[in-house]
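Heads up, final09.pdb below (PDB, C-alpha atoms):
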```pdb
ATOM      1  CA  MET Q  12      37.234  17.779   2.677
ATOM      2  CA  SER Q  13      35.384  16.863  -0.534
ATOM      3  CA  GLU Q  14      35.952  13.585  -2.384
ATOM      4  CA  HIS Q  15      36.316  13.104  -6.150
ATOM      5  CA  ILE Q  16      35.142   9.927  -7.869
ATOM      6  CA  ILE Q  17      35.863   9.182 -11.540
ATOM      7  CA  LEU Q  18      33.499   6.900 -13.455
ATOM      8  CA  ASN Q  19      34.185   5.677 -16.995
ATOM      9  CA  VAL Q  20      30.890   4.969 -18.750
ATOM     10  CA  PRO Q  21      30.800   1.679 -20.699
ATOM     11  CA  GLN Q  22      29.252   1.550 -24.173
ATOM     12  CA  GLU Q  23      26.410  -0.654 -22.948
ATOM     13  CA  SER Q  24      25.149   2.267 -20.832
ATOM     14  CA  CYS Q  25      24.386   4.301 -23.950
ATOM     15  CA  GLY Q  26      20.991   5.973 -23.609
ATOM     16  CA  GLU Q  27      20.880   5.748 -19.808
ATOM     17  CA  ARG Q  28      20.083   8.888 -17.818
ATOM     18  CA  ILE Q  29      23.099  10.259 -16.002
ATOM     19  CA  ASP Q  30      21.327  10.540 -12.644
ATOM     20  CA  ARG Q  31      20.298   6.882 -12.710
ATOM     21  CA  TYR Q  32      23.741   5.688 -13.841
ATOM     22  CA  ILE Q  33      25.569   7.571 -11.077
ATOM     23  CA  SER Q  34      23.131   6.570  -8.318
ATOM     24  CA  ASP Q  35      23.469   2.924  -9.415
ATOM     25  CA  ASN Q  36      27.261   3.112  -9.220
ATOM     26  CA  ILE Q  37      27.877   5.261  -6.147
ATOM     27  CA  ALA Q  38      26.161   3.605  -3.202
ATOM     28  CA  GLU Q  39      25.827   6.689  -0.998
ATOM     29  CA  LEU Q  40      23.992   8.756  -3.627
ATOM     30  CA  THR Q  41      20.267   8.637  -4.374
ATOM     31  CA  ARG Q  42      18.945   9.887  -7.724
ATOM     32  CA  SER Q  43      17.640  13.061  -6.065
ATOM     33  CA  ALA Q  44      21.062  13.659  -4.484
ATOM     34  CA  VAL Q  45      22.727  13.214  -7.898
ATOM     35  CA  GLN Q  46      20.318  15.707  -9.438
ATOM     36  CA  GLY Q  47      21.240  18.210  -6.732
ATOM     37  CA  LEU Q  48      24.944  17.746  -7.457
ATOM     38  CA  LEU Q  49      24.309  18.206 -11.183
ATOM     39  CA  GLU Q  50      22.500  21.486 -10.538
ATOM     40  CA  LYS Q  51      25.420  22.707  -8.390
ATOM     41  CA  GLY Q  52      27.983  21.770 -11.051
ATOM     42  CA  ASN Q  53      29.598  19.093  -8.877
ATOM     43  CA  ILE Q  54      29.333  16.555 -11.695
ATOM     44  CA  LEU Q  55      31.182  17.007 -14.989
ATOM     45  CA  VAL Q  56      30.958  14.956 -18.180
ATOM     46  CA  ASN Q  57      34.268  15.072 -20.041
ATOM     47  CA  GLY Q  58      35.020  18.231 -18.050
ATOM     48  CA  LYS Q  59      31.734  20.003 -18.832
ATOM     49  CA  LYS Q  60      28.566  20.682 -16.877
ATOM     50  CA  VAL Q  61      25.389  18.954 -18.083
ATOM     51  CA  SER Q  62      21.704  19.003 -17.187
ATOM     52  CA  LYS Q  63      20.181  16.449 -14.818
ATOM     53  CA  SER Q  64      18.206  14.947 -17.727
ATOM     54  CA  CYS Q  65      21.365  14.290 -19.746
ATOM     55  CA  LYS Q  66      21.517  10.881 -21.436
ATOM     56  CA  LEU Q  67      24.834   9.109 -21.743
ATOM     57  CA  LYS Q  68      26.332   7.997 -25.050
ATOM     58  CA  GLY Q  69      28.940   5.617 -23.656
ATOM     59  CA  GLY Q  70      32.660   6.270 -23.378
ATOM     60  CA  GLU Q  71      32.350   9.434 -21.266
ATOM     61  CA  GLU Q  72      34.420  10.204 -18.199
ATOM     62  CA  LEU Q  73      32.300  11.394 -15.275
ATOM     63  CA  SER Q  74      33.893  13.445 -12.511
ATOM     64  CA  VAL Q  75      31.771  13.427  -9.366
ATOM     65  CA  GLU Q  76      32.689  15.755  -6.512
ATOM     66  CA  LEU Q  77      31.113  14.620  -3.271
ATOM     67  CA  PRO Q  78      30.810  17.474  -0.757
ATOM     68  CA  GLU Q  79      32.208  17.052   2.714
ATOM     69  CA  PRO Q  80      29.669  15.008   4.653
ATOM     70  CA  GLN Q  81      27.692  16.894   7.241
ATOM     71  CA  PRO Q  82      27.441  15.361  10.709
ATOM     72  CA  MET Q  83      24.100  13.633  11.119
ATOM     73  CA  ASP Q  84      22.043  13.482  14.249
ATOM     74  CA  ALA Q  85      18.662  12.010  14.991
ATOM     75  CA  SER Q  86      15.987  14.174  16.583
ATOM     76  CA  PRO Q  87      12.837  13.034  18.430
ATOM     77  CA  GLU Q  88       9.651  13.160  16.354
ATOM     78  CA  ASP Q  89       6.115  12.529  17.523
ATOM     79  CA  ILE Q  90       5.360   9.627  15.181
ATOM     80  CA  PRO Q  91       2.884   6.915  16.264
ATOM     81  CA  LEU Q  92       4.419   3.540  17.070
ATOM     82  CA  ASP Q  93       2.767   0.119  17.036
ATOM     83  CA  ILE Q  94       4.401  -1.345  20.142
ATOM     84  CA  VAL Q  95       3.752  -5.062  20.625
ATOM     85  CA  TYR Q  96       5.719  -5.409  23.884
ATOM     86  CA  GLU Q  97       7.748  -3.124  26.136
ATOM     87  CA  ASP Q  98       9.599  -3.303  29.453
ATOM     88  CA  SER Q  99      12.600  -1.545  31.025
ATOM     89  CA  ASP Q 100      15.118  -3.442  28.846
ATOM     90  CA  LEU Q 101      13.592  -3.675  25.395
ATOM     91  CA  LEU Q 102      10.593  -3.184  23.191
ATOM     92  CA  VAL Q 103       9.205  -5.018  20.180
ATOM     93  CA  VAL Q 104       7.734  -2.755  17.527
ATOM     94  CA  ASN Q 105       5.658  -3.506  14.449
ATOM     95  CA  LYS Q 106       7.175  -1.356  11.680
ATOM     96  CA  PRO Q 107       4.893  -0.291   8.840
ATOM     97  CA  LYS Q 108       5.892  -0.712   5.224
ATOM     98  CA  GLY Q 109       7.529   2.438   3.857
ATOM     99  CA  MET Q 110       9.214   3.516   7.102
ATOM    100  CA  VAL Q 111      13.028   3.674   7.176
ATOM    101  CA  VAL Q 112      14.584   2.233  10.349
ATOM    102  CA  HIS Q 113      17.252   4.879  10.979
ATOM    103  CA  PRO Q 114      18.413   8.196   9.461
ATOM    104  CA  ALA Q 115      20.757   7.994   6.482
ATOM    105  CA  HIS Q 116      21.553  10.039   3.401
ATOM    106  CA  GLY Q 117      18.248  11.004   1.820
ATOM    107  CA  ASN Q 118      16.200   9.984   4.884
ATOM    108  CA  TYR Q 119      16.971  12.276   7.805
ATOM    109  CA  THR Q 120      13.476  12.449   9.331
ATOM    110  CA  GLY Q 121      10.382  10.308   9.710
ATOM    111  CA  THR Q 122      12.348   7.187  10.612
ATOM    112  CA  LEU Q 123      11.696   4.595  13.283
ATOM    113  CA  VAL Q 124      14.627   5.978  15.293
ATOM    114  CA  ASN Q 125      13.090   9.467  15.276
ATOM    115  CA  ALA Q 126       9.885   7.967  16.666
ATOM    116  CA  LEU Q 127      11.763   5.878  19.257
ATOM    117  CA  LEU Q 128      13.656   8.906  20.550
ATOM    118  CA  HIS Q 129      10.344  10.669  21.176
ATOM    119  CA  HIS Q 130       8.850   7.617  22.893
ATOM    120  CA  CYS Q 131      11.874   6.449  24.917
ATOM    121  CA  GLY Q 132      13.862   9.633  25.473
ATOM    122  CA  ASP Q 133      17.351   8.744  26.671
ATOM    123  CA  SER Q 134      16.391   5.139  27.405
ATOM    124  CA  LEU Q 135      17.970   3.540  24.321
ATOM    125  CA  SER Q 136      21.235   1.642  23.995
ATOM    126  CA  GLY Q 137      24.130   3.684  22.619
ATOM    127  CA  ILE Q 138      26.193   0.886  21.080
ATOM    128  CA  ASN Q 139      25.330   1.860  17.492
ATOM    129  CA  GLY Q 140      25.843   5.588  18.046
ATOM    130  CA  VAL Q 141      23.545   8.586  17.767
ATOM    131  CA  ILE Q 142      22.099   7.599  14.384
ATOM    132  CA  ARG Q 143      21.020   4.073  15.363
ATOM    133  CA  PRO Q 144      20.258   4.137  19.103
ATOM    134  CA  GLY Q 145      18.675   0.911  20.314
ATOM    135  CA  ILE Q 146      18.727  -0.742  16.885
ATOM    136  CA  VAL Q 147      19.831  -4.367  17.281
ATOM    137  CA  HIS Q 148      18.790  -5.518  13.788
ATOM    138  CA  ARG Q 149      17.048  -3.926  10.815
ATOM    139  CA  ILE Q 150      14.425  -4.638   8.214
ATOM    140  CA  ASP Q 151      14.202  -2.883   4.853
ATOM    141  CA  LYS Q 152      12.141   0.236   4.271
ATOM    142  CA  ASN Q 153       9.544  -1.626   2.204
ATOM    143  CA  THR Q 154       9.440  -4.666   4.482
ATOM    144  CA  SER Q 155       6.828  -4.532   7.226
ATOM    145  CA  GLY Q 156       6.821  -6.312  10.559
ATOM    146  CA  LEU Q 157       8.524  -6.940  13.860
ATOM    147  CA  LEU Q 158      11.912  -5.866  15.127
ATOM    148  CA  ILE Q 159      13.421  -5.585  18.568
ATOM    149  CA  VAL Q 160      14.878  -2.442  20.153
ATOM    150  CA  ALA Q 161      17.281  -2.434  23.122
ATOM    151  CA  LYS Q 162      16.893   0.162  25.881
ATOM    152  CA  ASN Q 163      20.333  -0.346  27.399
ATOM    153  CA  ASP Q 164      23.755  -1.597  26.341
ATOM    154  CA  ALA Q 165      23.577  -4.818  28.388
ATOM    155  CA  ALA Q 166      20.335  -5.848  26.684
ATOM    156  CA  HIS Q 167      21.745  -4.860  23.295
ATOM    157  CA  LEU Q 168      24.860  -7.027  23.713
ATOM    158  CA  HIS Q 169      22.824  -9.997  24.958
ATOM    159  CA  LEU Q 170      20.387  -9.823  22.038
ATOM    160  CA  ALA Q 171      23.157  -9.276  19.470
ATOM    161  CA  GLU Q 172      24.931 -12.386  20.769
ATOM    162  CA  GLN Q 173      21.746 -14.428  20.219
ATOM    163  CA  ILE Q 174      21.581 -13.222  16.623
ATOM    164  CA  LYS Q 175      25.233 -14.148  16.134
ATOM    165  CA  ALA Q 176      24.635 -17.607  17.619
ATOM    166  CA  HIS Q 177      21.555 -18.131  15.359
ATOM    167  CA  SER Q 178      19.311 -18.674  18.395
ATOM    168  CA  PHE Q 179      17.196 -15.621  17.597
ATOM    169  CA  THR Q 180      13.937 -16.537  15.815
ATOM    170  CA  ARG Q 181      13.065 -14.461  12.744
ATOM    171  CA  GLU Q 182      10.245 -15.714  10.574
ATOM    172  CA  TYR Q 183       8.878 -13.941   7.507
ATOM    173  CA  GLU Q 184       6.079 -14.390   5.016
ATOM    174  CA  ALA Q 185       6.341 -13.369   1.373
ATOM    175  CA  VAL Q 186       4.561 -13.586  -1.917
ATOM    176  CA  ALA Q 187       7.108 -14.881  -4.409
ATOM    177  CA  SER Q 188       6.944 -14.992  -8.185
ATOM    178  CA  GLY Q 189       7.092 -18.247 -10.112
ATOM    179  CA  PHE Q 190       6.406 -21.887  -9.305
ATOM    180  CA  PHE Q 191       8.059 -23.886  -6.507
ATOM    181  CA  LYS Q 192       8.678 -27.537  -7.395
ATOM    182  CA  GLU Q 193       9.634 -28.327  -3.794
ATOM    183  CA  THR Q 194       7.167 -27.327  -1.092
ATOM    184  CA  SER Q 195       9.979 -26.795   1.419
ATOM    185  CA  GLY Q 196      13.733 -26.529   1.429
ATOM    186  CA  THR Q 197      16.845 -24.618   2.396
ATOM    187  CA  ILE Q 198      18.745 -22.009   0.413
ATOM    188  CA  ASP Q 199      22.387 -22.156   1.480
ATOM    189  CA  ALA Q 200      24.272 -19.615  -0.633
ATOM    190  CA  PRO Q 201      26.837 -16.981   0.468
ATOM    191  CA  ILE Q 202      25.961 -13.309   0.029
ATOM    192  CA  GLY Q 203      28.258 -10.363  -0.686
ATOM    193  CA  ARG Q 204      28.210  -6.911  -2.244
ATOM    194  CA  HIS Q 205      27.454  -6.739  -5.981
ATOM    195  CA  LYS Q 206      30.580  -5.962  -8.036
ATOM    196  CA  THR Q 207      29.149  -3.207 -10.218
ATOM    197  CA  ASP Q 208      26.046  -2.031  -8.359
ATOM    198  CA  ARG Q 209      27.187  -1.214  -4.843
ATOM    199  CA  LYS Q 210      23.628  -0.761  -3.580
ATOM    200  CA  LYS Q 211      22.812  -4.402  -4.275
ATOM    201  CA  MET Q 212      23.812  -7.679  -2.704
ATOM    202  CA  CYS Q 213      24.204 -10.940  -4.600
ATOM    203  CA  VAL Q 214      25.075 -14.608  -4.214
ATOM    204  CA  THR Q 215      28.828 -14.775  -4.693
ATOM    205  CA  GLN Q 216      31.908 -16.638  -3.467
ATOM    206  CA  GLU Q 217      34.021 -13.455  -3.371
ATOM    207  CA  ASN Q 218      34.139 -11.317  -0.218
ATOM    208  CA  SER Q 219      30.950 -12.975   0.988
ATOM    209  CA  ARG Q 220      29.474 -14.354   4.191
ATOM    210  CA  ASN Q 221      27.551 -17.581   4.596
ATOM    211  CA  ALA Q 222      23.790 -17.157   4.368
ATOM    212  CA  VAL Q 223      21.080 -19.744   5.074
ATOM    213  CA  THR Q 224      17.320 -19.359   4.575
ATOM    214  CA  HIS Q 225      14.724 -22.076   5.208
ATOM    215  CA  TYR Q 226      11.428 -21.893   3.314
ATOM    216  CA  GLU Q 227       8.008 -23.543   3.227
ATOM    217  CA  VAL Q 228       5.376 -22.967   0.555
ATOM    218  CA  LEU Q 229       2.042 -22.265   2.262
ATOM    219  CA  ARG Q 230       0.070 -22.092  -0.982
ATOM    220  CA  GLN Q 231       0.815 -22.021  -4.687
ATOM    221  CA  TYR Q 232      -1.256 -19.691  -6.895
ATOM    222  CA  GLY Q 233      -0.270 -20.579 -10.436
ATOM    223  CA  GLY Q 234       2.615 -18.239 -11.119
ATOM    224  CA  TYR Q 235       2.925 -17.011  -7.512
ATOM    225  CA  ALA Q 236       3.415 -18.571  -4.100
ATOM    226  CA  HIS Q 237       2.711 -17.615  -0.493
ATOM    227  CA  VAL Q 238       5.894 -18.595   1.318
ATOM    228  CA  ARG Q 239       7.016 -18.750   4.944
ATOM    229  CA  LEU Q 240      10.736 -18.175   5.487
ATOM    230  CA  ARG Q 241      12.995 -18.562   8.509
ATOM    231  CA  LEU Q 242      16.356 -16.864   8.728
ATOM    232  CA  GLU Q 243      19.240 -18.892  10.095
ATOM    233  CA  THR Q 244      21.616 -16.029   9.322
ATOM    234  CA  GLY Q 245      20.754 -12.377   8.841
ATOM    235  CA  ARG Q 246      22.597 -10.840   5.902
ATOM    236  CA  THR Q 247      21.569  -7.623   4.179
ATOM    237  CA  HIS Q 248      18.564  -8.251   1.873
ATOM    238  CA  GLN Q 249      19.007 -11.994   2.545
ATOM    239  CA  ILE Q 250      15.488 -13.225   1.744
ATOM    240  CA  ARG Q 251      15.156 -10.990  -1.303
ATOM    241  CA  VAL Q 252      18.549 -12.095  -2.669
ATOM    242  CA  HIS Q 253      18.011 -15.790  -1.947
ATOM    243  CA  LEU Q 254      14.563 -15.954  -3.514
ATOM    244  CA  ALA Q 255      15.759 -14.067  -6.594
ATOM    245  CA  TYR Q 256      18.768 -16.423  -6.805
ATOM    246  CA  ARG Q 257      16.504 -19.469  -7.041
ATOM    247  CA  GLY Q 258      14.338 -17.743  -9.652
ATOM    248  CA  ASN Q 259      11.469 -16.726  -7.357
ATOM    249  CA  PRO Q 260      11.925 -13.025  -6.563
ATOM    250  CA  VAL Q 261       9.622 -11.400  -4.018
ATOM    251  CA  LEU Q 262       6.576  -9.906  -5.720
ATOM    252  CA  GLY Q 263       7.049  -6.165  -6.252
ATOM    253  CA  ASP Q 264      10.803  -6.186  -5.555
ATOM    254  CA  ASP Q 265      12.090  -3.739  -8.156
ATOM    255  CA  VAL Q 266      15.734  -4.252  -7.081
ATOM    256  CA  TYR Q 267      16.060  -8.038  -7.317
ATOM    257  CA  GLY Q 268      12.967  -8.736  -9.416
ATOM    258  CA  LYS Q 269      10.745  -6.296 -11.241
ATOM    259  CA  PRO Q 270       8.101  -3.719 -10.298
ATOM    260  CA  CYS Q 271       4.495  -4.864 -10.069
ATOM    261  CA  LYS Q 272       1.593  -2.591 -10.953
ATOM    262  CA  GLY Q 273      -0.365  -1.619  -7.845
ATOM    263  CA  ILE Q 274       2.351  -2.704  -5.392
ATOM    264  CA  VAL Q 275       4.905  -0.308  -3.914
ATOM    265  CA  GLY Q 276       7.965  -2.265  -2.832
ATOM    266  CA  GLN Q 277       8.290  -5.957  -2.054
ATOM    267  CA  CYS Q 278       5.527  -8.091  -0.551
ATOM    268  CA  LEU Q 279       7.515  -9.208   2.497
ATOM    269  CA  HIS Q 280       6.483  -9.195   6.173
ATOM    270  CA  ALA Q 281       8.523  -9.998   9.310
ATOM    271  CA  ARG Q 282       5.771 -11.977  11.034
ATOM    272  CA  LYS Q 283       7.441 -13.649  14.019
ATOM    273  CA  ILE Q 284      10.283 -12.827  16.369
ATOM    274  CA  GLY Q 285      11.577 -14.904  19.288
ATOM    275  CA  PHE Q 286      14.425 -14.409  21.769
ATOM    276  CA  ILE Q 287      15.634 -15.077  25.295
ATOM    277  CA  HIS Q 288      14.967 -12.070  27.488
ATOM    278  CA  PRO Q 289      18.369 -10.595  28.468
ATOM    279  CA  LYS Q 290      17.392 -10.148  32.126
ATOM    280  CA  THR Q 291      14.837 -12.849  32.994
ATOM    281  CA  GLY Q 292      16.230 -15.635  30.784
ATOM    282  CA  GLU Q 293      12.681 -16.373  29.606
ATOM    283  CA  TYR Q 294      12.080 -17.248  25.947
ATOM    284  CA  MET Q 295       9.618 -14.770  24.452
ATOM    285  CA  GLU Q 296       7.916 -14.944  21.081
ATOM    286  CA  PHE Q 297       5.684 -12.455  19.291
ATOM    287  CA  THR Q 298       3.738 -12.551  16.043
ATOM    288  CA  SER Q 299       2.291  -9.839  13.831
ATOM    289  CA  GLU Q 300      -0.798 -10.357  11.726
ATOM    290  CA  LEU Q 301      -0.347  -9.901   7.997
ATOM    291  CA  PRO Q 302      -0.938  -6.232   7.148
ATOM    292  CA  ASP Q 303      -3.687  -5.011   4.835
ATOM    293  CA  TYR Q 304      -1.420  -4.605   1.785
ATOM    294  CA  PHE Q 305      -0.307  -8.236   2.075
ATOM    295  CA  ARG Q 306      -3.823  -9.597   2.577
ATOM    296  CA  ALA Q 307      -5.038  -7.600  -0.420
ATOM    297  CA  VAL Q 308      -2.457  -9.354  -2.601
ATOM    298  CA  LEU Q 309      -3.482 -12.777  -1.272
ATOM    299  CA  ASN Q 310      -7.169 -11.998  -1.826
ATOM    300  CA  LYS Q 311      -6.449 -11.002  -5.411
ATOM    301  CA  LEU Q 312      -4.485 -14.217  -5.995
ATOM    302  CA  GLU Q 313      -7.372 -16.232  -4.484
ATOM    303  CA  LYS Q 314      -9.747 -14.750  -7.049
ATOM    304  CA  THR Q 315      -7.473 -15.119 -10.045
ATOM    305  CA  GLY Q 316      -5.876 -18.419  -9.465
TER
END
```
As structure tokens, the full file:
Amino acid sequence: MSEHIILNVPQESCGERIDRYISDNIAELTRSAVQGLLEKGNILVNGKKVSKSCKLKGGEELSVELPEPQPMDASPEDIPLDIVYEDSDLLVVNKPKGMVVHPAHGNYTGTLVNALLHHCGDSLSGINGVIRPGIVHRIDKNTSGLLIVAKNDAAHLHLAEQIKAHSFTREYEAVASGFFKETSGTIDAPIGRHKTDRKKMCVTQENSRNAVTHYEVLRQYGGYAHVRLRLETGRTHQIRVHLAYRGNPVLGDDVYGKPCKGIVGQCLHARKIGFIHPKTGEYMEFTSELPDYFRAVLNKLEKTG
């Protein structure tokens, strides 16, 4: 059964393209998906069809008909994986920047899960269903680095409990914009869904969860800083939201900061991961060297400042 959503366009959105406005206000729709709905006539402006390049004037009523969702499934794909560690219970993989972790609307193929299904076959935990088999925690598409994958439900539950208890080590490195007066500190600020842009998170007291990030400035380069960050909690977009909140957004983050010429997505790398092995009880820790894109940014900052 299809779903209808009504959006009333405020005057301050005058001049904005309709596809961007709708994708910013309906979380499950990308701009390309909105354009497809416009072409099919599923989106009406004051009861009339419009082109996908239509610009809003403010004051319009938008009627968006979302088609009945199709069941999604993940299929194995022969995609190379950078596996740092693997045994019968889990594996640690080094995800490249630009790869989505699991299938979702707009990204049905080419994901880490598609690659894992090819590599592991049926040996992945089923706790998160057919779309996210084995996925204990996630990192963003444009964040590179380490994440852990569970091969069975017992390992998945054990690892998830460590994350919940904050005993799971997750350390990142980032290039942040702006100057840091303090060379180290803690950002303790609750995070929840943004009121008007449902694709974004923000620091808020309403419908939020506690979020704590510890940081250390490794080097300051004038208007930029190389920062090491450790997650105490693991909220959606936590590092990106926290750094933007204190006025130091991650370089290249076009959601919480601003785009940067020559950089696609944020300069953020999940460098270290540590956990207690669910079967042996041994503490294990792995690190990933900074990828080429990150080192290129640092080299450029070395030369300029």
(request) Check the smallest atom-to-atom distance from each of Q:Ser155, Q:Ser134, Q:Ser24, Q:Gln173 to Pro107 in chain Q using only C-alpha atoms, then report the winner. (result) Q:Ser155
(request) Give me the result of the PyMOL selection byres ((chain Q and resi 266) around 10) on this file, residue by residue, as a PyMOL selection string. (result) chain Q and resi 210-212+251-252+255+260-261+263-265+267-270+276-277
(request) Let me know the residues the PyMOL selection byres ((chain Q and resi 167) around 12) catches in the file above, as a VMD selection string. (result) chain Q and resid 100 to 102 135 to 139 143 to 148 159 to 166 168 to 174 288 to 290
(request) Calculate how many Å separate CA of Gln46 in chain Q from CA of Lys66 in chain Q, rounding to one decimal. (result)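 Going from CA of Gln46 in chain Q over to CA of Lys66 in chain Q covers 13.0 Å.
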(request) Pull out every residue that the PyMOL selection byres ((chain Q and resi 226-228) around 12) matches in the shown coordinates and put them as an MDAnalysis selection string. (result) chainID Q and resid 182:199 223:225 229:232 235:243 250 253:254 257 259
Give the centre and edge lengths of an axis-aligned box, in Å to one decimal, that holds all listed atoms of range 192-207 of chain Q with 8 Å on each side, as AutoDock Vina command-line options.
```
--center_x 18.9 --center_y -15.8 --center_z -3.9 --size_x 39.4 --size_y 41.1 --size_z 28.6
```
(message) Please report the interatomic distance between CA of Val20 in chain Q and CA of Glu217 in chain Q in Å with one decimal.
(response) 24.2 Å
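Nearest-residue note for Glu72 in chain Q: choosing from Q:Ile16, Q:Val308, Q:Val95, Q:Leu279, the minimum distance belongs to Q:Ile16, counting all atoms listed in the file.
For the pair CA of Asn36 in chain Q and CA of Leu73 in chain Q, the interatomic distance is 11.4 Å.
Distance check against Thr315 in chain Q using all atoms listed in the file: of Q:Thr291, Q:Asn221, Q:Gly233, Q:Lys272, the minimum falls on Q:Gly233.
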(request) Dig up all the protein and nucleic acid residues within 9 Å of (19.7, 13.0, -22.3) in the file frame, using only C-alpha atoms, and format them as a list in words. (result)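 Here the neighbourhood of the point contains Gly26, Glu27, Arg28, Ile29, Ser62, Lys63, Ser64, Cys65, Lys66, Leu67 and Lys68 of chain Q.
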(request) Name the residues in contact with Leu48 in chain Q at a cut-off of 9 Å, using only C-alpha atoms, excluding same-chain residues fewer than 3 positions from it; report them as a list in words. (result)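 Final neighbour list, sorted by chain and number: Ser43, Ala44, Val45, Lys51, Gly52, Asn53, Ile54, Lys63, Val75, Glu76, Leu77 and Pro78 of chain Q.
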(request) Identify which of the residues Q:Ser74, Q:Val112, Q:Leu128, Q:Asn105 lies closest to Leu55 in chain Q, counting all atoms listed in the file when measuring atom-to-atom distances. (result) Q:Ser74
(request) Considering only C-alpha atoms, return as a list in words whatever protein or nucleic-acid residues lie within 8 Å of Leu158 in chain Q, sequence-local ones (same chain, fewer than 5 positions apart) excluded. (result)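 That gives Val103, Val104, Asn105, Lys106, His148, Arg149, Ile150, Ala281 and Ile284 of chain Q.
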Selected residues, C-alpha atoms, written as a CSV table (one decimal), in the frame of the given file, please.
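Here's the written file result36.csv:
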```csv
chain,number,residue,atom,x,y,z
Q,103,VAL,CA,9.2,-5.0,20.2
Q,104,VAL,CA,7.7,-2.8,17.5
Q,105,ASN,CA,5.7,-3.5,14.4
Q,106,LYS,CA,7.2,-1.4,11.7
Q,148,HIS,CA,18.8,-5.5,13.8
Q,149,ARG,CA,17.0,-3.9,10.8
Q,150,ILE,CA,14.4,-4.6,8.2
Q,281,ALA,CA,8.5,-10.0,9.3
Q,284,ILE,CA,10.3,-12.8,16.4
```
(message) Using all atoms listed in the file, can you tell me which of Q:Thr41, Q:Gly70, Q:Gly132, Q:Met110 comes closest to Ser86 in chain Q?
(response) Q:Gly132
(request) Tell me which of Q:Ser219, Q:Thr244, Q:Arg181, Q:Lys314 sits closest to Arg282 in chain Q, counting all atoms listed in the file. (result)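 Distance minimum relative to Arg282 in chain Q lands on Q:Arg181.
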